[in-house]
Amino acid sequence: MKFKQIQDIIDSADKHIEKKQNIAIHGWIWRERNISDLKFIVLRDSSNHIQCIVDKSKTPELFDVVKNLRIETSLEIQGILRKEKKAPNGYEVDVTDLKIIGTCDNFPIAKDFSSEFLMSVRHLWLRSRKMTAMMKIRSTVFGAIHEYFRKNKFYEFHSPIFQGMQAEGGSTLFKVDYFGKPIYLSQTWQLYAEAGIFSLEKIYTISPCFRAEKSKTNRHLTELWMCEMEQAWCNFDDIINHATGLLKYVVKKVLDTNMNELEILKRDTKTLKATVEKDFIKMTYDEALKILEKKCNMKVKWGKDLRTIEEEKLTKLYDVPIVVTNYPKKVKAFYMKEVPENPDVVQGCDFLAPEGYGEIIGGSQREEDLEKLKARLKEHGEKPKDYEFYLDLRKYGSIPHGGFGLGVERIITWICGFDTIKDSIAFPRTMLIKKP
């Protein structure tokens, strides 16, 4: 017989029940118990789970085979589907035939294990409903990003992972040996993306990035995935509008596709729905400081970047993302363009997710003036000669342009309502990497 996924069987249940068709499914034992002469097996696959019953009075030879089976044993099952209100999903399979594919030792994961232990057996913890739900949502997020940009006529563009210069900050660079010479793992594609727009004009990517941040917070990974875009002939408002459009598109796609997974994660979708339906809150850095002082009793000295604690307090005041603009120039990257009427601040923006999740997108209009860019590099302690290829972009037909980066794990953490970013990727990499 042709094996079908459990969800496909459930979706066409009426047909199978009416015709009393023998169905064939395969998967792993998620739950099992013996009650008298009945063996209850809840079988799971990637799509869903369903309860199967082996009745000793009907199939004594099968009962002897399955009575001592343990969770995570892999099986092929054939049987007759019927309705059963008490069963998970409302259906049960009366097993007519069964084949053991892979036996299982005592599975090391049970209830109430610590997060540290679960991290040490991550390769097995991926089988949990929580991790399965996350990975399905993660797949939706990646797909939605591609859909959004391609619908808006962006081209996918790839930059090197090995890079000879920094873009975000020297203290967070991973230095590696490249045939006897030092080189760095990519923090961002941006400097190369600015070369790409002179050909393709509108480009995007989803790629791994590496940040050697010595941080043990719940918001940081040393290996992460970034969605980044760069656009020629745009202004600062265009960047904000695309970041807004992308965020709304991704969240809506998850709500349309993954409500079952959100329910498994017990995620309250109120702010997710508000993100899709309502306008975002916009404020300047100066306005944010005033709100923090007035509503949160937090006085932040002008010129300091907003820390996690300030972002957390600010985002708990609203049920939609906040767009903070016009940050002080001295706390932002060298390539950000100054605000014409106030050169102490730049045309940069951070998108802060509600419920205390903080920054998930950072973007800016780029400085296209060659001499200003050289001066900014020197202010940041960099040597312009190390950025010759980048500065060439201002020599040969410079144009207005800008872009942003979205931390994919950060948006997944917020969408799923997780307490830590480590739960938003299958194998998280932090300062302390535990097996595997």
# chains A, B, ... in the order shown; residues from 1 in each chain; ligands from 1
>>> residues_around(residues="region 17-25 of chain A", least_positions_apart="2", cutoff="6 Å", atoms="only C-alpha atoms", output="list in words")
Phe3, Lys4, Asp14, Lys15, Ile77, Gln78, Gly79, Ile80, Leu81 and Arg82 of chain A
>>> closest_atom_pairs(of="region 351-379 of chain A", to="region 270-287 of chain A", cutoff="10 Å", atoms="only C-alpha atoms", output="CSV")
residue,atom,partner,partner_atom,distance
A:Phe351,CA,A:Lys282,CA,9.3
A:Leu352,CA,A:Ile281,CA,9.7
A:Ala353,CA,A:Thr275,CA,9.3
A:Pro354,CA,A:Thr271,CA,7.3
A:Glu355,CA,A:Thr271,CA,8.1
>>> residues_around(residues="Ile109 (chain A)", least_positions_apart="5", cutoff="8 Å", atoms="only C-alpha atoms", output="PyMOL selection string")
chain A and resi 118+124-125
>>> write_last_selection(atoms="N, CA and C atoms", output="CSV table (one decimal), in the first residue's frame")
chain,number,residue,atom,x,y,z
A,118,LEU,N,18.2,19.6,27.9
A,118,LEU,CA,17.6,19.5,26.6
A,118,LEU,C,18.5,20.1,25.5
A,124,LEU,N,18.0,15.0,19.7
A,124,LEU,CA,16.8,14.3,20.0
A,124,LEU,C,15.6,15.2,20.4
A,125,TRP,N,15.9,16.3,21.0
A,125,TRP,CA,14.8,17.3,21.4
A,125,TRP,C,14.1,17.8,20.2
>>> residues_around(residues="Asp11 (chain A)", least_positions_apart="6", cutoff="12 Å", atoms="only C-alpha atoms", output="mmCIF file with C-alpha atoms, in the first residue's frame")
data_model
loop_
_atom_site.group_PDB
_atom_site.id
_atom_site.type_symbol
_atom_site.label_atom_id
_atom_site.label_comp_id
_atom_site.auth_asym_id
_atom_site.auth_seq_id
_atom_site.Cartn_x
_atom_site.Cartn_y
_atom_site.Cartn_z
ATOM 1 C CA LYS A 4 0.228 8.655 3.464
ATOM 2 C CA GLN A 5 0.948 11.339 6.014
ATOM 3 C CA ILE A 17 -14.458 5.802 6.978
ATOM 4 C CA SER A 47 2.330 16.340 9.818
ATOM 5 C CA ASN A 48 0.368 15.318 12.941
ATOM 6 C CA ASN A 89 -7.845 14.642 16.733
ATOM 7 C CA GLY A 90 -11.106 12.663 17.034
ATOM 8 C CA TYR A 91 -10.012 9.593 15.077
#
>>> residues_around(residues="Phe154 (chain A)", least_positions_apart="2", cutoff="9 Å", atoms="only C-alpha atoms", output="ChimeraX atom specification")
/A:148-152,156,200-204,229,231
>>> write_last_selection(atoms="C-alpha atoms", output="compact mmCIF listing (two decimals), in the first residue's frame")
# COMPACT_ATOMS: atom_id res chain seq x y z
CA TYR A 148 7.75 39.22 -0.51
CA PHE A 149 10.91 40.32 -2.27
CA ARG A 150 10.25 38.46 -5.49
CA LYS A 151 6.73 39.86 -5.66
CA ASN A 152 8.33 43.30 -5.34
CA GLU A 156 18.36 37.34 -4.92
CA LEU A 200 20.52 44.78 -10.32
CA GLU A 201 19.19 47.88 -8.46
CA LYS A 202 16.91 45.92 -6.09
CA ILE A 203 18.44 42.92 -4.29
CA TYR A 204 17.96 40.77 -1.20
CA MET A 229 17.94 44.05 1.26
CA GLN A 231 17.89 49.23 -3.13
>>> closest_atom_pairs(of="region 107-203 of chain A", to="region 405-425 of chain A", cutoff="12 Å", atoms="only C-alpha atoms", output="CSV")
residue,atom,partner,partner_atom,distance
A:Ser115,CA,A:Asp423,CA,10.0
A:Glu116,CA,A:Lys422,CA,11.3
A:Leu118,CA,A:Asp423,CA,10.7
A:Met119,CA,A:Lys422,CA,9.1
A:Arg122,CA,A:Asp423,CA,10.3
A:His123,CA,A:Ile425,CA,12.0
A:Trp125,CA,A:Asp423,CA,10.8
A:Leu126,CA,A:Ile425,CA,9.9
A:Ser128,CA,A:Asp423,CA,11.9
A:Lys130,CA,A:Asp423,CA,9.0
A:Met131,CA,A:Asp423,CA,7.5
A:Thr132,CA,A:Ile425,CA,10.8
A:Ala133,CA,A:Cys416,CA,8.9
A:Met134,CA,A:Ser424,CA,6.5
A:Met135,CA,A:Ile425,CA,7.4
A:Lys136,CA,A:Ile412,CA,10.7
A:Ile137,CA,A:Ile412,CA,7.6
A:Arg138,CA,A:Ile412,CA,6.5
A:Ser139,CA,A:Ile412,CA,10.1
A:Thr140,CA,A:Ile412,CA,10.1
A:Val141,CA,A:Ile412,CA,7.6
A:Phe142,CA,A:Val408,CA,8.1
A:Gly143,CA,A:Val408,CA,11.7
A:Ala144,CA,A:Val408,CA,11.5
A:Ile145,CA,A:Val408,CA,9.7
A:Glu168,CA,A:Gly405,CA,11.7
A:Gln187,CA,A:Gly405,CA,10.9
A:Thr188,CA,A:Gly405,CA,8.3
A:Trp189,CA,A:Gly405,CA,9.3
A:Gln190,CA,A:Gly405,CA,8.8
A:Ala193,CA,A:Gly405,CA,11.6
>>> select_by_dssp(residues="region 211-381 of chain A", states="strand (DSSP E or B)", output="ChimeraX atom specification")
/A:223-232,281-284,322-325,328,336,338-339,342-346,348-353,358-366
>>> select_by_dssp(residues="region 35-180 of chain A", states="helix (DSSP H, G or I)", output="JSON, numbers by chain")
{"A": [60, 61, 62, 63, 64, 65, 66, 88, 89, 90, 115, 116, 117, 118, 119, 120, 122, 123, 124, 125, 129, 130, 131, 132, 133, 134, 135, 136, 137, 138, 139, 140, 141, 142, 143, 144, 145, 146, 147, 148, 149, 150, 151, 170, 171, 172]}
